[in-house]
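**Q** Got a file for you: work02.cif, mmCIF, C-alpha atoms.
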```
data_target
#
loop_
_atom_site.label_atom_id
_atom_site.label_comp_id
_atom_site.auth_asym_id
_atom_site.auth_seq_id
_atom_site.Cartn_x
_atom_site.Cartn_y
_atom_site.Cartn_z
CA MET A 1 141.79 34.63 -74.60
CA ARG A 2 140.17 32.92 -71.58
CA THR A 3 142.14 31.12 -68.91
CA GLU A 4 141.13 28.97 -65.96
CA PRO A 5 141.33 30.73 -62.57
CA THR A 6 144.35 29.82 -60.51
CA SER A 7 144.13 28.54 -56.95
CA SER A 8 145.25 31.99 -55.80
CA ASP A 9 142.43 33.61 -57.77
CA ARG A 10 139.88 31.19 -56.30
CA SER A 11 141.18 31.80 -52.77
CA THR A 12 140.92 35.56 -53.21
CA ALA A 13 137.37 35.26 -54.59
CA GLU A 14 136.27 32.99 -51.75
CA THR A 15 137.73 35.35 -49.17
CA PHE A 16 135.89 38.27 -50.77
CA GLN A 17 132.62 36.34 -50.81
CA ASN A 18 133.01 35.30 -47.18
CA ALA A 19 133.63 38.92 -46.22
CA HIS A 20 130.22 39.79 -47.66
CA THR A 21 128.39 37.05 -45.76
CA LEU A 22 125.75 38.66 -43.57
CA ASP A 23 124.87 37.77 -40.04
CA PRO A 24 121.54 35.90 -40.46
CA ALA A 25 119.89 38.34 -38.09
CA ALA A 26 120.92 41.23 -40.32
CA SER A 27 119.19 39.83 -43.39
CA THR A 28 115.75 39.46 -41.82
CA ALA A 29 114.74 43.01 -42.77
CA SER A 30 115.12 44.83 -46.08
CA GLN A 31 115.93 48.50 -46.54
CA GLU A 32 112.34 49.01 -47.72
CA GLN A 33 110.99 47.54 -44.48
CA VAL A 34 113.28 49.70 -42.35
CA SER A 35 112.40 52.81 -44.37
CA ASP A 36 108.68 52.09 -43.93
CA GLU A 37 109.18 51.79 -40.17
CA ILE A 38 111.03 55.14 -40.12
CA ALA A 39 108.25 56.80 -42.14
CA GLN A 40 105.56 55.51 -39.77
CA ILE A 41 107.38 56.81 -36.69
CA HIS A 42 107.93 60.21 -38.31
CA ASP A 43 104.26 60.39 -39.35
CA ASP A 44 103.24 59.66 -35.76
CA TYR A 45 105.60 62.38 -34.55
CA ARG A 46 104.12 64.95 -36.93
CA GLN A 47 100.63 64.09 -35.68
CA ARG A 48 101.81 64.60 -32.11
CA LEU A 49 103.13 68.05 -33.05
CA VAL A 50 99.77 68.95 -34.58
CA ALA A 51 98.18 67.86 -31.31
CA GLY A 52 100.40 70.35 -29.47
CA GLN A 53 102.95 68.00 -27.94
CA ASP A 54 106.58 69.06 -27.47
CA THR A 55 109.25 68.62 -30.13
CA GLU A 56 111.84 65.87 -29.76
CA THR A 57 115.36 67.19 -30.29
CA GLN A 58 117.09 64.06 -29.01
CA PRO A 59 116.76 60.48 -30.33
CA ARG A 60 114.33 58.06 -28.74
CA LEU A 61 115.92 55.46 -26.49
CA ASP A 62 114.03 52.73 -28.32
CA PHE A 63 113.88 53.31 -32.06
CA THR A 64 112.71 50.11 -33.72
CA PRO A 65 114.39 50.65 -37.13
CA TYR A 66 117.71 50.95 -35.27
CA ARG A 67 117.68 47.31 -34.28
CA SER A 68 120.17 47.41 -31.40
CA SER A 69 118.83 50.61 -29.81
CA LEU A 70 117.11 48.45 -27.18
CA LEU A 71 120.55 47.34 -26.03
CA ARG A 72 122.19 50.76 -26.06
CA HIS A 73 120.74 52.51 -23.03
CA PRO A 74 120.44 51.81 -19.29
CA THR A 75 117.57 49.57 -18.18
CA LYS A 76 118.13 49.91 -14.43
CA ASP A 77 118.17 52.80 -12.00
CA LEU A 78 121.28 54.97 -12.09
CA HIS A 79 123.70 55.00 -9.15
CA HIS A 80 126.31 57.48 -8.03
CA ALA A 81 129.84 56.48 -9.06
CA ASP A 82 133.28 57.46 -7.84
CA PRO A 83 134.69 59.84 -10.51
CA GLU A 84 138.27 58.74 -9.83
CA THR A 85 137.34 55.10 -10.45
CA ILE A 86 135.61 55.97 -13.71
CA GLU A 87 138.64 57.92 -14.91
CA LEU A 88 140.74 54.77 -14.66
CA PHE A 89 138.69 53.28 -17.49
CA ALA A 90 137.69 56.40 -19.44
CA PRO A 91 138.58 56.47 -23.14
CA ALA A 92 141.34 58.76 -24.34
CA PHE A 93 143.41 58.71 -27.51
CA GLY A 94 146.56 60.07 -25.87
CA GLN A 95 148.58 59.61 -22.71
CA ARG A 96 149.92 63.19 -22.63
CA ASP A 97 148.79 66.81 -22.88
CA VAL A 98 147.11 67.68 -26.16
CA HIS A 99 149.59 68.91 -28.78
CA ALA A 100 148.53 71.36 -31.49
CA LEU A 101 149.61 68.91 -34.20
CA GLU A 102 147.12 66.28 -32.99
CA SER A 103 144.34 68.19 -34.74
CA ASP A 104 145.87 67.36 -38.13
CA LEU A 105 145.02 63.75 -38.94
CA THR A 106 146.92 63.89 -42.24
CA ILE A 107 150.43 64.20 -40.77
CA GLN A 108 150.46 61.40 -38.19
CA HIS A 109 152.38 58.91 -40.35
CA ASN A 110 155.27 58.80 -42.78
CA GLY A 111 153.20 59.25 -45.94
CA GLU A 112 150.18 61.12 -47.26
CA PRO A 113 146.77 59.52 -46.61
CA ILE A 114 144.53 58.78 -49.57
CA GLY A 115 141.38 60.81 -50.08
CA GLU A 116 139.90 64.28 -50.14
CA ARG A 117 141.67 66.51 -47.63
CA ILE A 118 139.23 68.68 -45.67
CA VAL A 119 139.21 71.19 -42.82
CA VAL A 120 136.40 70.88 -40.27
CA ALA A 121 136.07 73.90 -38.01
CA GLY A 122 133.50 75.53 -35.78
CA ARG A 123 132.70 76.60 -32.25
CA VAL A 124 131.45 74.93 -29.09
CA LEU A 125 128.65 77.02 -27.56
CA ASP A 126 126.29 76.84 -24.61
CA GLY A 127 122.53 77.27 -24.91
CA ASP A 128 122.82 81.06 -24.76
CA GLY A 129 125.38 81.22 -27.57
CA ARG A 130 128.35 81.82 -25.27
CA PRO A 131 131.65 80.17 -26.22
CA VAL A 132 132.85 77.18 -24.21
CA ALA A 133 136.63 77.47 -23.99
CA GLY A 134 139.27 74.98 -22.87
CA GLN A 135 137.28 71.84 -23.67
CA LEU A 136 138.83 68.63 -24.95
CA ILE A 137 137.43 67.45 -28.30
CA GLU A 138 138.31 64.02 -29.67
CA ILE A 139 137.28 62.83 -33.12
CA TRP A 140 137.41 59.44 -34.83
CA GLN A 141 136.28 58.36 -38.27
CA ALA A 142 136.52 55.90 -41.14
CA ASN A 143 139.01 56.48 -43.94
CA ALA A 144 138.31 57.47 -47.55
CA ALA A 145 137.26 53.87 -48.30
CA GLY A 146 134.85 53.64 -45.36
CA ARG A 147 137.12 51.50 -43.18
CA TYR A 148 138.02 51.95 -39.51
CA VAL A 149 141.34 50.84 -38.09
CA HIS A 150 139.62 48.43 -35.73
CA LYS A 151 139.68 44.65 -35.50
CA ARG A 152 135.87 44.50 -35.53
CA ASP A 153 135.71 46.30 -38.87
CA GLN A 154 136.24 43.50 -41.38
CA HIS A 155 134.35 44.63 -44.47
CA PRO A 156 136.44 44.38 -47.67
CA ALA A 157 137.65 47.96 -47.99
CA PRO A 158 141.34 48.87 -47.80
CA ILE A 159 143.07 50.13 -44.69
CA ASP A 160 145.17 53.23 -45.32
CA PRO A 161 148.56 52.78 -43.59
CA ASN A 162 148.92 56.55 -43.43
CA PHE A 163 145.58 57.28 -41.80
CA THR A 164 144.55 56.20 -38.31
CA GLY A 165 141.47 58.41 -38.13
CA VAL A 166 141.73 59.86 -34.62
CA GLY A 167 142.60 63.34 -33.39
CA ARG A 168 142.34 65.74 -30.47
CA ALA A 169 142.06 69.48 -29.90
CA ILE A 170 141.31 71.99 -27.16
CA THR A 171 138.73 74.70 -27.82
CA GLY A 172 140.13 78.23 -27.94
CA PRO A 173 138.99 81.32 -26.01
CA ASN A 174 136.05 81.82 -28.38
CA GLY A 175 135.09 78.14 -28.26
CA GLU A 176 136.74 77.57 -31.62
CA TYR A 177 138.22 74.29 -32.87
CA SER A 178 139.68 73.09 -36.16
CA PHE A 179 140.70 69.70 -37.57
CA THR A 180 142.43 68.81 -40.82
CA THR A 181 141.48 65.34 -41.96
CA ILE A 182 140.32 63.15 -44.87
CA LYS A 183 136.67 63.06 -45.89
CA PRO A 184 135.32 59.67 -44.76
CA ALA A 185 133.26 57.36 -46.97
CA PRO A 186 130.00 55.53 -46.23
CA TYR A 187 130.33 52.00 -44.89
CA PRO A 188 128.11 48.92 -44.43
CA TRP A 189 126.79 47.83 -41.06
CA LYS A 190 124.72 44.93 -39.78
CA ASN A 191 121.45 46.62 -38.87
CA HIS A 192 119.59 45.13 -41.86
CA HIS A 193 120.25 43.74 -45.33
CA ASN A 194 122.42 46.08 -47.43
CA ALA A 195 122.53 48.74 -44.70
CA TRP A 196 124.95 51.65 -45.24
CA ARG A 197 125.82 54.49 -42.89
CA PRO A 198 126.16 58.02 -44.30
CA ALA A 199 129.68 59.46 -44.15
CA HIS A 200 130.25 61.02 -40.73
CA ILE A 201 132.82 62.01 -38.11
CA HIS A 202 132.36 61.11 -34.44
CA PHE A 203 132.92 63.92 -31.91
CA SER A 204 133.54 63.44 -28.20
CA LEU A 205 133.47 66.44 -25.86
CA PHE A 206 134.69 66.44 -22.28
CA GLY A 207 133.85 68.85 -19.49
CA THR A 208 135.96 69.22 -16.37
CA ASP A 209 136.53 65.46 -16.01
CA PHE A 210 135.91 62.16 -17.79
CA THR A 211 132.49 61.75 -16.15
CA GLN A 212 131.31 64.75 -18.19
CA ARG A 213 131.46 63.30 -21.68
CA MET A 214 129.12 63.83 -24.61
CA ILE A 215 129.33 62.09 -27.99
CA THR A 216 127.79 63.13 -31.28
CA GLN A 217 128.24 62.75 -35.05
CA MET A 218 128.79 65.31 -37.80
CA TYR A 219 127.47 64.59 -41.30
CA PHE A 220 128.14 66.09 -44.72
CA PRO A 221 125.58 68.03 -46.78
CA GLY A 222 123.61 66.32 -49.53
CA ASP A 223 124.29 62.71 -48.54
CA PRO A 224 121.80 60.43 -50.36
CA LEU A 225 121.91 57.92 -47.48
CA PHE A 226 120.28 60.25 -44.92
CA ALA A 227 116.75 59.04 -45.63
CA LEU A 228 117.82 55.39 -45.35
CA ASP A 229 119.81 55.57 -42.12
CA PRO A 230 117.91 54.63 -38.93
CA ILE A 231 120.54 56.22 -36.67
CA PHE A 232 120.25 59.63 -38.36
CA GLN A 233 116.47 59.22 -38.61
CA SER A 234 116.14 58.24 -34.94
CA ILE A 235 115.99 61.99 -34.34
CA THR A 236 112.35 62.54 -35.23
CA ASP A 237 112.49 66.34 -35.41
CA PRO A 238 113.76 67.45 -38.86
CA GLN A 239 115.30 70.68 -37.59
CA ALA A 240 117.26 68.77 -34.96
CA ARG A 241 118.53 66.40 -37.68
CA GLU A 242 119.65 69.36 -39.78
CA ARG A 243 121.83 70.59 -36.92
CA LEU A 244 124.01 67.48 -37.35
CA ILE A 245 124.88 68.41 -40.94
CA ALA A 246 127.94 70.56 -41.53
CA THR A 247 127.90 73.48 -43.97
CA TYR A 248 130.38 73.78 -46.80
CA ASP A 249 132.43 76.91 -46.04
CA HIS A 250 134.70 78.20 -48.80
CA SER A 251 136.44 80.55 -46.35
CA LEU A 252 137.92 77.47 -44.65
CA THR A 253 139.41 76.07 -47.85
CA SER A 254 143.09 76.29 -48.80
CA HIS A 255 144.26 76.83 -52.36
CA GLU A 256 145.17 73.48 -53.96
CA TRP A 257 145.13 71.88 -50.50
CA ALA A 258 141.78 71.35 -48.77
CA THR A 259 138.06 72.06 -48.89
CA GLY A 260 136.29 73.18 -45.73
CA TYR A 261 133.21 72.55 -43.59
CA ASN A 262 131.81 74.53 -40.68
CA TRP A 263 129.97 72.84 -37.81
CA ASP A 264 129.05 74.41 -34.48
CA ILE A 265 128.22 72.27 -31.44
CA VAL A 266 125.58 73.56 -29.02
CA LEU A 267 125.72 71.85 -25.63
CA THR A 268 122.46 72.93 -23.99
CA GLY A 269 119.13 74.59 -24.70
CA SER A 270 116.40 73.91 -27.23
CA ASN A 271 118.87 74.10 -30.13
CA ARG A 272 121.41 71.74 -28.62
CA THR A 273 123.25 69.26 -30.78
CA TRP A 274 122.11 65.64 -30.60
CA MET A 275 124.28 63.53 -28.30
CA GLU A 276 124.35 59.74 -28.51
CA ASP A 277 124.68 56.96 -25.95
CA GLU A 278 128.33 56.22 -25.21
CA GLU A 279 127.70 52.55 -26.02
CA ALA A 280 126.89 53.29 -29.66
CA GLU A 281 129.57 52.15 -32.11
CA HIS A 282 128.33 53.27 -35.51
#
```
Turn this file's structure into structure tokens for me.

**A**
Amino acid sequence: MRTEPTSSDRSTAETFQNAHTLDPAASTASQEQVSDEIAQIHDDYRQRLVAGQDTETQPRLDFTPYRSSLLRHPTKDLHHADPETIELFAPAFGQRDVHALESDLTIQHNGEPIGERIVVAGRVLDGDGRPVAGQLIEIWQANAAGRYVHKRDQHPAPIDPNFTGVGRAITGPNGEYSFTTIKPAPYPWKNHHNAWRPAHIHFSLFGTDFTQRMITQMYFPGDPLFALDPIFQSITDPQARERLIATYDHSLTSHEWATGYNWDIVLTGSNRTWMEDEEAEH
């Protein structure tokens, strides 16, 4: 039996359609065009390596397929700043000392969050492989539906009332850290038409003060969106890209509770982990 849609049905459908309306600037390029641009840049990079030029382990400041990269780095000379002034505006997810329970993102609310529970653990190391102890690590991520708890994230995926997606930890004496969380999902973004970001977790690492902050992203193995993502592909060296991908580690799993991933963060040296501009939001 067929029935006419009610006004409530029509309103819901219109809201859903409006939520999918793209910024006109985002629809000017297709995924195929962006992928072709990525391939050309990577081909040029391989030719430079053959010619004996140095490898690039960090992303280029201007990476054309990543449309807003031109806006995400300084364009003027740097100036010395007062560290105390900067600390008044520095980001932090807590107003108190870091508690051990803050590393478990699944127990921050009254109910269980939806999604695959995972443990992400590893070590923070310097360029010589020495552990970096006592460092503040903050993470933030989308939920199992690919949605952030943020007013600017308005794509039509559900918000989980039991998952905020932020956590903190302090590295141990061997540089070790561990988070229990929910595996995030891919999500759309406005770089180009039908653009999707691979599932990832943002990591922020602090040194001795808030002026010593580095930000990076951890990805999950086997994601089919890697080849299509201009942020991931902005790192032209394939080995450097691989260092952003965690490894499934069965020793970190818990029986009938969580799967596990290992990811080490290297702060300096030729094998250092990619760090992004603090202005990046994706």

**Q** Quick one: residues within 10 Å of region 63-65 of chain A, all atoms listed in the file counted, chain neighbours fewer than 2 positions away excluded, as a ChimeraX atom specification?

**A** /A:29,31,33-38,41,59-61,67-70,191-192,229-231,233-236

**Q** Got a sec to resolve the PyMOL selection byres ((chain A and resi 104-110) around 7) on this structure and send the residues as a list of chain:residue names?

**A** A:Leu101, A:Glu102, A:Ser103, A:Gly111, A:Glu112, A:Pro113, A:Asn162, A:Phe163, A:Gly165, A:Val166, A:Gly167, A:Phe179, A:Thr180, A:Thr181

**Q** Pull out every residue that the PyMOL selection byres ((chain A and resi 177) around 9) matches in the shown coordinates and put them as a list in words.

**A**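 Here the PyMOL selection byres ((chain A and resi 177) around 9) matches Ser103, Val120, Ala121, Gly122, Arg123, Val124, Ile137, Ala169, Ile170, Thr171, Gly172, Gly175, Glu176, Ser178 and Phe179 of chain A.
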
**Q** Using all atoms listed in the file, determine which residues lie at most 10 Å from Leu136 (chain A), disregarding the query and same-chain residues fewer than 3 positions distant; provide the list as a list in words.

**A** Val98, Ala133, Arg168, Ala169, Ile170, Thr171, Tyr177, Ser204, Leu205, Phe206, Gly207, Thr208, Asp209 and Arg213 of chain A

**Q** I'd like the interatomic distance between CA of Val149 (chain A) and CA of Val119 (chain A), to a tenth of an Å.

**A**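 We find that CA of Val149 (chain A) and CA of Val119 (chain A) lie 21.0 Å from each other.
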
**Q** Please, what distance in Å, to one decimal, runs between CA of Thr247 (chain A) and CA of Met218 (chain A)?

**A**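 Taking CA of Thr247 (chain A) and CA of Met218 (chain A), their separation equals 10.3 Å.
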
**Q** Looking at A:Leu244, A:Leu228, A:Val50, A:Ala81, which one is nearest to Trp196 (chain A), with distances taken over all atoms listed in the file?

**A**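 Going through A:Leu244, A:Leu228, A:Val50, A:Ala81 one by one, the smallest distance to Trp196 (chain A) is for A:Leu228.
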
**Q** With all atoms listed in the file as the counted atoms, please give the residues lying no more than 7 Å from Asp249 (chain A), apart from itself and same-chain residues fewer than 6 positions off, as a list in words.

**A**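 Final neighbour list, sorted by chain and number: Gly260, Tyr261 and Asn262 of chain A.
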
**Q** Which of these, A:Gly134, A:Gln212, A:Trp257, A:Thr57, has the shortest distance to Tyr45 (chain A) once you count all atoms listed in the file?

**A** A:Thr57

**Q** Please compute the CA of Phe220 (chain A)-CA of Gly127 (chain A) distance, one decimal, in Å.

**A**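 A separation of 23.4 Å between them.
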
**Q** Identify, on the basis of all atoms listed in the file, every residue whose closest approach to Arg243 (chain A) does not exceed 10 Å; exclude the query and any residue fewer than 5 positions from it along the same chain; express the result as a list of chain:residue names.

**A**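 Skipping anything fewer than 5 positions along the chain leaves A:Thr57, A:Met218, A:Tyr219, A:Pro238, A:Trp263, A:Asp264, A:Ile265, A:Val266, A:Asn271, A:Arg272, A:Thr273, A:Trp274.
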
**Q** Near Gly146 (chain A), within 7 Å and counting only C-alpha atoms, which residues show up once chain neighbours fewer than 5 positions away are dropped, as a list in words?

**A**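 In the requested format, the answer is Ala157, Pro184, Ala185, Pro186 and Tyr187 of chain A.
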
**Q** Which is closest to Ala258 (chain A) among A:Asp43, A:Glu116, A:Asp82, A:Glu276, if we use only C-alpha atoms?

**A**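 Closest residue, counting only C-alpha atoms: A:Glu116.
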
**Q** May I have the protein, DNA and RNA residues with an atom at most 8 Å from (137.2, 48.9, -48.9), counting only C-alpha atoms in the file's coordinates, returned as JSON, numbers by chain?

**A** {"A": [145, 146, 147, 155, 156, 157, 158, 159]}
